[in-house]
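Colleague: My structure file query-v5.txt, compact mmCIF, N, CA and C atoms, is below:
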# COMPACT_ATOMS: atom_id res chain seq x y z
N MET A 256 0.82 -1.19 0.00
CA MET A 256 0.00 0.00 0.00
C MET A 256 0.87 1.26 0.00
N LYS A 257 1.95 1.21 0.77
CA LYS A 257 2.87 2.35 0.85
C LYS A 257 3.49 2.64 -0.51
N LYS A 258 3.82 1.58 -1.24
CA LYS A 258 4.42 1.74 -2.57
C LYS A 258 3.40 2.36 -3.54
N ILE A 259 2.15 1.96 -3.45
CA ILE A 259 1.11 2.50 -4.33
C ILE A 259 0.94 3.99 -4.10
N ILE A 260 0.87 4.37 -2.83
CA ILE A 260 0.73 5.79 -2.50
C ILE A 260 1.96 6.57 -2.95
N ARG A 261 3.12 5.98 -2.77
CA ARG A 261 4.37 6.63 -3.21
C ARG A 261 4.35 6.86 -4.72
N MET A 262 3.94 5.87 -5.49
CA MET A 262 3.90 6.01 -6.95
C MET A 262 2.85 7.03 -7.38
N MET A 263 1.73 7.07 -6.67
CA MET A 263 0.70 8.06 -6.98
C MET A 263 1.21 9.48 -6.73
N ILE A 264 1.92 9.66 -5.64
CA ILE A 264 2.47 10.99 -5.31
C ILE A 264 3.55 11.39 -6.30
N ILE A 265 4.42 10.45 -6.65
CA ILE A 265 5.46 10.75 -7.64
C ILE A 265 4.81 11.11 -8.97
N GLY A 266 3.82 10.33 -9.39
CA GLY A 266 3.11 10.63 -10.64
C GLY A 266 2.45 11.99 -10.59
N LEU A 267 1.82 12.32 -9.46
CA LEU A 267 1.17 13.62 -9.29
C LEU A 267 2.18 14.75 -9.41
N LEU A 268 3.30 14.64 -8.71
CA LEU A 268 4.30 15.70 -8.74
C LEU A 268 4.93 15.88 -10.12
N ILE A 269 5.24 14.78 -10.77
CA ILE A 269 5.82 14.86 -12.12
C ILE A 269 4.81 15.47 -13.07
N SER A 270 3.57 15.04 -12.98
CA SER A 270 2.53 15.54 -13.87
C SER A 270 2.27 17.02 -13.67
N LEU A 271 2.18 17.47 -12.42
CA LEU A 271 1.93 18.88 -12.16
C LEU A 271 3.08 19.76 -12.62
N SER A 272 4.31 19.32 -12.35
CA SER A 272 5.45 20.12 -12.79
C SER A 272 5.57 20.13 -14.30
N SER A 273 5.32 19.00 -14.93
CA SER A 273 5.37 18.93 -16.40
C SER A 273 4.28 19.79 -17.01
N SER A 274 3.10 19.73 -16.42
CA SER A 274 1.98 20.52 -16.91
C SER A 274 2.30 22.00 -16.82
N TYR A 275 2.89 22.41 -15.72
CA TYR A 275 3.26 23.82 -15.53
C TYR A 275 4.20 24.28 -16.64
N VAL A 276 5.23 23.48 -16.90
CA VAL A 276 6.19 23.83 -17.93
C VAL A 276 5.52 23.87 -19.31
N LEU A 277 4.72 22.85 -19.63
CA LEU A 277 4.10 22.79 -20.95
C LEU A 277 3.07 23.90 -21.16
N VAL A 278 2.28 24.19 -20.14
CA VAL A 278 1.30 25.28 -20.25
C VAL A 278 2.03 26.61 -20.42
N THR A 279 3.08 26.81 -19.66
CA THR A 279 3.86 28.05 -19.78
C THR A 279 4.45 28.19 -21.18
N LEU A 280 5.03 27.12 -21.68
CA LEU A 280 5.60 27.16 -23.03
C LEU A 280 4.53 27.42 -24.09
N SER A 281 3.38 26.82 -23.92
CA SER A 281 2.28 26.99 -24.86
C SER A 281 1.77 28.42 -24.85
N VAL A 282 1.60 28.98 -23.67
CA VAL A 282 1.11 30.35 -23.55
C VAL A 282 2.12 31.34 -24.13
N ILE A 283 3.39 31.13 -23.82
CA ILE A 283 4.43 32.04 -24.32
C ILE A 283 4.56 31.95 -25.84
N SER A 284 4.59 30.73 -26.38
CA SER A 284 4.81 30.57 -27.82
C SER A 284 3.61 31.04 -28.65
N ASN A 285 2.40 30.99 -28.08
CA ASN A 285 1.20 31.40 -28.82
C ASN A 285 0.74 32.81 -28.45
N ASN A 286 1.50 33.49 -27.61
CA ASN A 286 1.08 34.81 -27.10
C ASN A 286 -0.37 34.76 -26.62
N ALA A 287 -0.69 33.71 -25.91
CA ALA A 287 -2.07 33.48 -25.46
C ALA A 287 -2.24 33.98 -24.02
N VAL A 288 -3.48 34.09 -23.65
CA VAL A 288 -3.84 34.43 -22.28
C VAL A 288 -4.74 33.30 -21.77
N MET A 289 -4.53 32.92 -20.54
CA MET A 289 -5.31 31.83 -19.97
C MET A 289 -6.04 32.35 -18.75
N SER A 290 -7.33 32.10 -18.69
CA SER A 290 -8.11 32.54 -17.53
C SER A 290 -7.83 31.62 -16.34
N GLY A 291 -8.23 32.08 -15.17
CA GLY A 291 -8.04 31.27 -13.97
C GLY A 291 -8.78 29.95 -14.04
N ALA A 292 -9.99 29.97 -14.61
CA ALA A 292 -10.78 28.75 -14.74
C ALA A 292 -10.09 27.75 -15.68
N GLU A 293 -9.53 28.26 -16.78
CA GLU A 293 -8.83 27.39 -17.73
C GLU A 293 -7.58 26.79 -17.09
N LEU A 294 -6.86 27.61 -16.33
CA LEU A 294 -5.66 27.12 -15.66
C LEU A 294 -6.02 26.07 -14.61
N LEU A 295 -7.07 26.32 -13.85
CA LEU A 295 -7.52 25.35 -12.86
C LEU A 295 -7.91 24.03 -13.53
N GLU A 296 -8.60 24.12 -14.66
CA GLU A 296 -8.98 22.92 -15.40
C GLU A 296 -7.74 22.11 -15.80
N GLN A 297 -6.71 22.79 -16.29
CA GLN A 297 -5.48 22.11 -16.71
C GLN A 297 -4.77 21.48 -15.50
N ILE A 298 -4.81 22.15 -14.36
CA ILE A 298 -4.19 21.61 -13.15
C ILE A 298 -4.93 20.35 -12.69
N ILE A 299 -6.25 20.38 -12.74
CA ILE A 299 -7.05 19.21 -12.35
C ILE A 299 -6.78 18.04 -13.29
N ILE A 300 -6.75 18.33 -14.60
CA ILE A 300 -6.47 17.26 -15.57
C ILE A 300 -5.09 16.67 -15.33
N ALA A 301 -4.10 17.54 -15.10
CA ALA A 301 -2.73 17.07 -14.85
C ALA A 301 -2.66 16.25 -13.57
N ALA A 302 -3.37 16.68 -12.54
CA ALA A 302 -3.35 15.94 -11.27
C ALA A 302 -3.95 14.55 -11.43
N ILE A 303 -5.10 14.48 -12.09
CA ILE A 303 -5.73 13.18 -12.32
C ILE A 303 -4.84 12.30 -13.18
N LEU A 304 -4.29 12.88 -14.24
CA LEU A 304 -3.40 12.12 -15.13
C LEU A 304 -2.19 11.59 -14.37
N GLY A 305 -1.60 12.40 -13.52
CA GLY A 305 -0.44 11.97 -12.75
C GLY A 305 -0.73 10.83 -11.81
N VAL A 306 -1.86 10.91 -11.11
CA VAL A 306 -2.24 9.85 -10.18
C VAL A 306 -2.52 8.55 -10.94
N VAL A 307 -3.22 8.65 -12.06
CA VAL A 307 -3.53 7.46 -12.86
C VAL A 307 -2.24 6.83 -13.40
N ILE A 308 -1.34 7.65 -13.90
CA ILE A 308 -0.08 7.11 -14.43
C ILE A 308 0.74 6.49 -13.29
N GLY A 309 0.70 7.12 -12.11
CA GLY A 309 1.37 6.51 -10.96
C GLY A 309 0.80 5.15 -10.63
N LEU A 310 -0.53 5.03 -10.69
CA LEU A 310 -1.17 3.73 -10.45
C LEU A 310 -0.82 2.72 -11.54
N LEU A 311 -0.68 3.20 -12.78
CA LEU A 311 -0.32 2.30 -13.87
C LEU A 311 1.07 1.70 -13.68
N SER A 312 1.89 2.35 -12.89
CA SER A 312 3.24 1.85 -12.65
C SER A 312 3.24 0.54 -11.87
N ILE A 313 2.10 0.20 -11.30
CA ILE A 313 1.98 -1.06 -10.58
C ILE A 313 2.18 -2.24 -11.53
N ILE A 314 2.02 -2.00 -12.81
CA ILE A 314 2.20 -3.07 -13.80
C ILE A 314 3.60 -3.69 -13.69
N TYR A 315 4.55 -2.92 -13.18
CA TYR A 315 5.92 -3.45 -13.05
C TYR A 315 6.04 -4.43 -11.89
N ASP A 316 5.00 -4.57 -11.09
CA ASP A 316 5.00 -5.54 -10.01
C ASP A 316 4.47 -6.91 -10.45
N ILE A 317 3.97 -7.00 -11.67
CA ILE A 317 3.45 -8.27 -12.17
C ILE A 317 4.65 -9.11 -12.62
N GLU A 318 4.98 -10.09 -11.81
CA GLU A 318 6.20 -10.87 -12.05
C GLU A 318 6.07 -11.84 -13.22
N ARG A 319 4.85 -12.17 -13.60
CA ARG A 319 4.65 -13.14 -14.70
C ARG A 319 5.02 -12.54 -16.06
N LEU A 320 4.95 -11.23 -16.16
CA LEU A 320 5.27 -10.56 -17.42
C LEU A 320 6.74 -10.21 -17.48
N PRO A 321 7.38 -10.43 -18.61
CA PRO A 321 8.76 -9.97 -18.74
C PRO A 321 8.79 -8.44 -18.77
N PHE A 322 9.95 -7.88 -18.45
CA PHE A 322 10.07 -6.43 -18.38
C PHE A 322 9.66 -5.75 -19.68
N THR A 323 10.02 -6.33 -20.81
CA THR A 323 9.66 -5.73 -22.10
C THR A 323 8.15 -5.63 -22.24
N GLY A 324 7.45 -6.69 -21.86
CA GLY A 324 5.99 -6.67 -21.92
C GLY A 324 5.40 -5.64 -20.97
N GLN A 325 5.96 -5.55 -19.77
CA GLN A 325 5.51 -4.54 -18.81
C GLN A 325 5.69 -3.14 -19.38
N PHE A 326 6.87 -2.91 -19.95
CA PHE A 326 7.19 -1.59 -20.50
C PHE A 326 6.24 -1.23 -21.65
N ILE A 327 6.02 -2.16 -22.56
CA ILE A 327 5.13 -1.89 -23.70
C ILE A 327 3.71 -1.61 -23.23
N LEU A 328 3.21 -2.43 -22.31
CA LEU A 328 1.86 -2.20 -21.77
C LEU A 328 1.77 -0.84 -21.07
N HIS A 329 2.81 -0.51 -20.32
CA HIS A 329 2.82 0.77 -19.61
C HIS A 329 2.82 1.94 -20.58
N VAL A 330 3.64 1.88 -21.61
CA VAL A 330 3.70 2.97 -22.59
C VAL A 330 2.35 3.12 -23.31
N ILE A 331 1.76 2.01 -23.68
CA ILE A 331 0.45 2.06 -24.36
C ILE A 331 -0.61 2.66 -23.43
N ALA A 332 -0.64 2.21 -22.18
CA ALA A 332 -1.63 2.72 -21.23
C ALA A 332 -1.41 4.21 -20.95
N VAL A 333 -0.15 4.62 -20.78
CA VAL A 333 0.15 6.03 -20.53
C VAL A 333 -0.25 6.87 -21.74
N THR A 334 0.08 6.40 -22.93
CA THR A 334 -0.27 7.14 -24.15
C THR A 334 -1.79 7.27 -24.28
N LEU A 335 -2.51 6.21 -23.99
CA LEU A 335 -3.97 6.27 -24.01
C LEU A 335 -4.49 7.30 -23.01
N CYS A 336 -3.93 7.30 -21.81
CA CYS A 336 -4.34 8.27 -20.79
C CYS A 336 -4.02 9.70 -21.23
N VAL A 337 -2.86 9.89 -21.85
CA VAL A 337 -2.48 11.22 -22.34
C VAL A 337 -3.44 11.66 -23.44
N MET A 338 -3.83 10.75 -24.32
CA MET A 338 -4.77 11.09 -25.39
C MET A 338 -6.13 11.48 -24.80
N ILE A 339 -6.59 10.75 -23.81
CA ILE A 339 -7.87 11.07 -23.17
C ILE A 339 -7.78 12.42 -22.46
N ALA A 340 -6.70 12.62 -21.71
CA ALA A 340 -6.52 13.91 -21.02
C ALA A 340 -6.40 15.04 -22.03
N GLY A 341 -5.71 14.79 -23.13
CA GLY A 341 -5.57 15.79 -24.18
C GLY A 341 -6.90 16.17 -24.81
N TYR A 342 -7.77 15.19 -24.95
CA TYR A 342 -9.10 15.46 -25.49
C TYR A 342 -9.88 16.38 -24.54
N PHE A 343 -9.90 16.02 -23.25
CA PHE A 343 -10.64 16.83 -22.28
C PHE A 343 -9.98 18.19 -22.04
N GLY A 344 -8.65 18.23 -22.15
CA GLY A 344 -7.95 19.49 -21.93
C GLY A 344 -7.81 20.34 -23.19
N ARG A 345 -8.34 19.82 -24.31
CA ARG A 345 -8.27 20.51 -25.59
C ARG A 345 -6.83 20.84 -26.00
N TRP A 346 -5.93 19.91 -25.72
CA TRP A 346 -4.52 20.13 -26.04
C TRP A 346 -4.29 20.12 -27.54
N PHE A 347 -5.09 19.35 -28.26
CA PHE A 347 -4.88 19.18 -29.69
C PHE A 347 -5.31 20.40 -30.49
N GLU A 348 -6.06 21.29 -29.86
CA GLU A 348 -6.44 22.54 -30.52
C GLU A 348 -5.27 23.52 -30.54
N HIS A 349 -4.35 23.36 -29.59
CA HIS A 349 -3.25 24.31 -29.44
C HIS A 349 -1.90 23.73 -29.86
N SER A 350 -1.79 22.42 -29.86
CA SER A 350 -0.52 21.76 -30.16
C SER A 350 -0.75 20.60 -31.11
N SER A 351 0.29 20.29 -31.86
CA SER A 351 0.18 19.15 -32.76
C SER A 351 0.31 17.86 -31.95
N ILE A 352 -0.17 16.79 -32.51
CA ILE A 352 -0.07 15.49 -31.84
C ILE A 352 1.40 15.08 -31.70
N THR A 353 2.22 15.49 -32.67
CA THR A 353 3.66 15.20 -32.60
C THR A 353 4.27 15.88 -31.38
N TYR A 354 3.92 17.14 -31.16
CA TYR A 354 4.42 17.89 -30.01
C TYR A 354 4.03 17.19 -28.71
N ILE A 355 2.80 16.70 -28.65
CA ILE A 355 2.33 16.03 -27.44
C ILE A 355 3.07 14.71 -27.23
N PHE A 356 3.30 13.95 -28.30
CA PHE A 356 4.04 12.69 -28.17
C PHE A 356 5.50 12.94 -27.79
N VAL A 357 6.11 13.96 -28.35
CA VAL A 357 7.50 14.28 -27.99
C VAL A 357 7.55 14.71 -26.52
N SER A 358 6.59 15.53 -26.11
CA SER A 358 6.52 15.94 -24.70
C SER A 358 6.35 14.73 -23.79
N GLU A 359 5.49 13.80 -24.20
CA GLU A 359 5.27 12.58 -23.41
C GLU A 359 6.57 11.79 -23.30
N ALA A 360 7.30 11.66 -24.40
CA ALA A 360 8.55 10.90 -24.39
C ALA A 360 9.59 11.56 -23.47
N ILE A 361 9.68 12.88 -23.51
CA ILE A 361 10.63 13.58 -22.64
C ILE A 361 10.24 13.40 -21.18
N ILE A 362 8.96 13.55 -20.89
CA ILE A 362 8.49 13.38 -19.51
C ILE A 362 8.71 11.94 -19.05
N PHE A 363 8.46 10.99 -19.93
CA PHE A 363 8.69 9.57 -19.62
C PHE A 363 10.15 9.36 -19.25
N PHE A 364 11.06 9.92 -20.02
CA PHE A 364 12.49 9.77 -19.76
C PHE A 364 12.86 10.38 -18.41
N ILE A 365 12.38 11.59 -18.14
CA ILE A 365 12.67 12.25 -16.86
C ILE A 365 12.10 11.44 -15.70
N ALA A 366 10.88 10.93 -15.86
CA ALA A 366 10.25 10.13 -14.80
C ALA A 366 11.07 8.86 -14.55
N TRP A 367 11.52 8.22 -15.62
CA TRP A 367 12.35 7.02 -15.47
C TRP A 367 13.63 7.33 -14.72
N CYS A 368 14.23 8.46 -15.00
CA CYS A 368 15.45 8.86 -14.29
C CYS A 368 15.16 9.07 -12.81
N ILE A 369 14.05 9.71 -12.49
CA ILE A 369 13.68 9.94 -11.10
C ILE A 369 13.43 8.60 -10.39
N ILE A 370 12.68 7.72 -11.02
CA ILE A 370 12.40 6.40 -10.43
C ILE A 370 13.70 5.61 -10.24
N TYR A 371 14.59 5.70 -11.21
CA TYR A 371 15.88 5.01 -11.13
C TYR A 371 16.66 5.47 -9.90
N VAL A 372 16.74 6.77 -9.70
CA VAL A 372 17.47 7.32 -8.56
C VAL A 372 16.81 6.87 -7.25
N LEU A 373 15.48 6.92 -7.19
CA LEU A 373 14.78 6.48 -5.98
C LEU A 373 15.02 5.00 -5.69
N GLN A 374 15.01 4.19 -6.74
CA GLN A 374 15.23 2.75 -6.54
C GLN A 374 16.67 2.47 -6.13
N LYS A 375 17.62 3.21 -6.68
CA LYS A 375 19.02 3.05 -6.26
C LYS A 375 19.15 3.36 -4.77
N SER A 376 18.45 4.39 -4.31
CA SER A 376 18.47 4.76 -2.90
C SER A 376 17.85 3.64 -2.05
N ASP A 377 16.73 3.11 -2.49
CA ASP A 377 16.08 2.00 -1.77
C ASP A 377 17.00 0.78 -1.71
N ILE A 378 17.66 0.48 -2.80
CA ILE A 378 18.56 -0.67 -2.84
C ILE A 378 19.74 -0.47 -1.89
N ALA A 379 20.25 0.75 -1.85
CA ALA A 379 21.36 1.04 -0.92
C ALA A 379 20.92 0.85 0.52
N LYS A 380 19.71 1.28 0.87
CA LYS A 380 19.19 1.11 2.23
C LYS A 380 19.02 -0.37 2.56
N ILE A 381 18.49 -1.13 1.61
CA ILE A 381 18.31 -2.58 1.82
C ILE A 381 19.66 -3.25 2.02
N ASN A 382 20.63 -2.87 1.21
CA ASN A 382 21.97 -3.46 1.34
C ASN A 382 22.61 -3.12 2.68
N GLN A 383 22.36 -1.91 3.20
CA GLN A 383 22.89 -1.55 4.51
C GLN A 383 22.27 -2.41 5.61
N VAL A 384 20.97 -2.64 5.51
CA VAL A 384 20.31 -3.47 6.50
C VAL A 384 20.85 -4.90 6.45
N ILE A 385 21.03 -5.42 5.24
CA ILE A 385 21.58 -6.78 5.08
C ILE A 385 23.00 -6.84 5.63
N GLN A 386 23.79 -5.82 5.35
CA GLN A 386 25.18 -5.79 5.83
C GLN A 386 25.21 -5.75 7.37
N LYS A 387 24.33 -4.99 7.99
CA LYS A 387 24.28 -4.91 9.44
C LYS A 387 23.89 -6.26 10.05
N ARG A 388 22.98 -6.97 9.39
CA ARG A 388 22.55 -8.28 9.88
C ARG A 388 23.69 -9.30 9.82
N LYS A 389 24.54 -9.16 8.79
CA LYS A 389 25.67 -10.09 8.65
C LYS A 389 26.72 -9.86 9.72
N GLU A 390 26.81 -8.62 10.18
CA GLU A 390 27.85 -8.29 11.17
C GLU A 390 27.48 -8.71 12.52
The structure given in the file should be rewritten as structure tokens.
Modeller:
Amino acid sequence: MKKIIRMMIIGLLISLSSSYVLVTLSVISNNAVMSGAELLEQIIIAAILGVVIGLLSIIYDIERLPFTGQFILHVIAVTLCVMIAGYFGRWFEHSSITYIFVSEAIIFFIAWCIIYVLQKSDIAKINQVIQKRKE
């Protein structure tokens, strides 16, 4: 349960920060103005998307699937969620689908780096506990 909540929070934080950067870039590049209601809508969509993507990361706990299968299923599910969020957020009216896929790929890479660092930290803690038990 702790891991699920951790992944949901990580997904939420990555999604909100990514959304902030992408909305800012979109507003600046289009010389657009966004109302408070529109900004709130984008924040809500990003928050929901982040939590859902965090929950989708549980797929990596399915031991019966090889890592490649887990990764492919995760990418497909994340892309589907991004497409649904993009529809409700009207992202395709302001950006090309290519821009959204490139943004998704960059965010995916950054998220993987963050998860990698967190897992390295967890592994180091586990190794310390094992080392202490041996002594």
Colleague: So the first atom is CA of Cys336 (chain A) and the second is CA of Asn286 (chain A); what is the distance between them in Å, to one decimal place?
Modeller: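 Distance between the two atoms: 27.8 Å.
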Colleague: Using only C-alpha atoms, which residues sit within 9 Å of Ile314 (chain A) once same-chain residues fewer than 6 positions away are excluded, as a PyMOL selection string?
Modeller: chain A and resi 320+325-326+328-329
Colleague: By how many Å are CA of Ala302 (chain A) and CA of Gly344 (chain A) apart?
Modeller: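 So the two atoms, CA of Ala302 (chain A) and CA of Gly344 (chain A), lie 12.1 Å apart.
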Colleague: So that I can check the secondary structure, give me every residue of chain A assigned alpha helix (DSSP H) by backbone DSSP, as a ChimeraX atom specification.
Modeller: /A:257-284,291-311,322-344,352-389
Colleague: Between A:Leu294, A:Leu335, A:Ile299, A:Ala287, single out the one closest to Leu267 (chain A), counting only C-alpha atoms.
Modeller: A:Ile299
Colleague: In Å, rounded to a single decimal, give me how far CA of Val306 (chain A) is from atom N of Ile264 (chain A).
Modeller: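 Taking atom N of Ile264 (chain A) as the start and CA of Val306 (chain A) as the end point, the length is 6.2 Å.
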Colleague: When you count only C-alpha atoms, which of these residues is closest to Ser350 (chain A): A:Gln383, A:Ser312, A:Ser290, A:Ser281?
Modeller: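 Among the listed residues, the smallest separation from Ser350 (chain A) belongs to A:Ser281.
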Colleague: Pick out the closest residue to Val337 (chain A) from this set: A:Gln374, A:Ser270, A:Thr323, A:Thr279. Count only C-alpha atoms.
Modeller: A:Ser270
Colleague: Identify which of the residues A:Phe364, A:Phe347, A:Tyr342, A:Tyr354 lies closest to Leu280 (chain A), counting only C-alpha atoms when measuring atom-to-atom distances.
Modeller: A:Tyr354
Colleague: Report the centre and edge lengths, in Å to one decimal, of an axis-aligned box enclosing every atom of region 339-354 of chain A listed in the file, padded by 4 Å on each side, as JSON.
Modeller:
{"center_x": -3.1, "center_y": 17.5, "center_z": -26.9, "size_x": 23.1, "size_y": 21.6, "size_z": 19.7}
Colleague: Can you list, as a VMD selection string, every protein, DNA or RNA residue that comes within 9 Å of Ile313 (chain A) when you count only C-alpha atoms, leaving out same-chain residues fewer than 6 positions away?
Modeller: chain A and resid 258 to 259 262
Colleague: Please output region 263-272 of chain A, rebuilt to include all heavy atoms, as an mmCIF file, keeping the file's coordinate frame.
Modeller:
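rebuild_10.cif, freshly written:
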data_model
loop_
_atom_site.group_PDB
_atom_site.id
_atom_site.type_symbol
_atom_site.label_atom_id
_atom_site.label_comp_id
_atom_site.auth_asym_id
_atom_site.auth_seq_id
_atom_site.Cartn_x
_atom_site.Cartn_y
_atom_site.Cartn_z
ATOM 1 N N MET A 263 1.730 7.070 -6.670
ATOM 2 C CA MET A 263 0.700 8.060 -6.980
ATOM 3 C C MET A 263 1.210 9.480 -6.730
ATOM 4 O O MET A 263 0.987 10.382 -7.535
ATOM 5 C CB MET A 263 -0.559 7.799 -6.155
ATOM 6 C CG MET A 263 -1.324 6.562 -6.585
ATOM 7 S SD MET A 263 -2.645 6.070 -5.455
ATOM 8 C CE MET A 263 -3.649 7.527 -5.392
ATOM 9 N N ILE A 264 1.920 9.660 -5.640
ATOM 10 C CA ILE A 264 2.470 10.990 -5.310
ATOM 11 C C ILE A 264 3.550 11.390 -6.300
ATOM 12 O O ILE A 264 3.581 12.530 -6.763
ATOM 13 C CB ILE A 264 2.981 11.019 -3.857
ATOM 14 C CG1 ILE A 264 1.794 10.912 -2.893
ATOM 15 C CG2 ILE A 264 3.788 12.279 -3.589
ATOM 16 C CD1 ILE A 264 2.178 10.723 -1.443
ATOM 17 N N ILE A 265 4.420 10.450 -6.650
ATOM 18 C CA ILE A 265 5.460 10.750 -7.640
ATOM 19 C C ILE A 265 4.810 11.110 -8.970
ATOM 20 O O ILE A 265 5.200 12.094 -9.611
ATOM 21 C CB ILE A 265 6.425 9.555 -7.792
ATOM 22 C CG1 ILE A 265 7.272 9.392 -6.530
ATOM 23 C CG2 ILE A 265 7.324 9.732 -9.019
ATOM 24 C CD1 ILE A 265 8.077 8.108 -6.483
ATOM 25 N N GLY A 266 3.820 10.330 -9.390
ATOM 26 C CA GLY A 266 3.110 10.630 -10.640
ATOM 27 C C GLY A 266 2.450 11.990 -10.590
ATOM 28 O O GLY A 266 2.508 12.769 -11.558
ATOM 29 N N LEU A 267 1.820 12.320 -9.460
ATOM 30 C CA LEU A 267 1.170 13.620 -9.290
ATOM 31 C C LEU A 267 2.180 14.750 -9.410
ATOM 32 O O LEU A 267 1.954 15.724 -10.142
ATOM 33 C CB LEU A 267 0.470 13.662 -7.934
ATOM 34 C CG LEU A 267 -0.160 14.995 -7.535
ATOM 35 C CD1 LEU A 267 -1.341 15.310 -8.441
ATOM 36 C CD2 LEU A 267 -0.590 14.958 -6.083
ATOM 37 N N LEU A 268 3.300 14.640 -8.710
ATOM 38 C CA LEU A 268 4.300 15.700 -8.740
ATOM 39 C C LEU A 268 4.930 15.880 -10.120
ATOM 40 O O LEU A 268 5.130 17.008 -10.579
ATOM 41 C CB LEU A 268 5.372 15.441 -7.678
ATOM 42 C CG LEU A 268 4.888 15.476 -6.228
ATOM 43 C CD1 LEU A 268 5.994 15.079 -5.273
ATOM 44 C CD2 LEU A 268 4.338 16.852 -5.881
ATOM 45 N N ILE A 269 5.240 14.780 -10.770
ATOM 46 C CA ILE A 269 5.820 14.860 -12.120
ATOM 47 C C ILE A 269 4.810 15.470 -13.070
ATOM 48 O O ILE A 269 5.149 16.332 -13.892
ATOM 49 C CB ILE A 269 6.294 13.475 -12.592
ATOM 50 C CG1 ILE A 269 7.517 13.030 -11.785
ATOM 51 C CG2 ILE A 269 6.622 13.494 -14.093
ATOM 52 C CD1 ILE A 269 7.930 11.599 -12.016
ATOM 53 N N SER A 270 3.570 15.040 -12.980
ATOM 54 C CA SER A 270 2.530 15.540 -13.870
ATOM 55 C C SER A 270 2.270 17.020 -13.670
ATOM 56 O O SER A 270 2.150 17.785 -14.629
ATOM 57 C CB SER A 270 1.245 14.744 -13.666
ATOM 58 O OG SER A 270 0.262 15.171 -14.564
ATOM 59 N N LEU A 271 2.180 17.470 -12.420
ATOM 60 C CA LEU A 271 1.930 18.880 -12.160
ATOM 61 C C LEU A 271 3.080 19.760 -12.620
ATOM 62 O O LEU A 271 2.873 20.816 -13.222
ATOM 63 C CB LEU A 271 1.634 19.110 -10.673
ATOM 64 C CG LEU A 271 0.282 18.622 -10.178
ATOM 65 C CD1 LEU A 271 0.173 18.795 -8.671
ATOM 66 C CD2 LEU A 271 -0.854 19.337 -10.893
ATOM 67 N N SER A 272 4.310 19.320 -12.350
ATOM 68 C CA SER A 272 5.450 20.120 -12.790
ATOM 69 C C SER A 272 5.570 20.130 -14.300
ATOM 70 O O SER A 272 5.861 21.173 -14.909
ATOM 71 C CB SER A 272 6.744 19.642 -12.129
ATOM 72 O OG SER A 272 6.983 18.292 -12.443
#
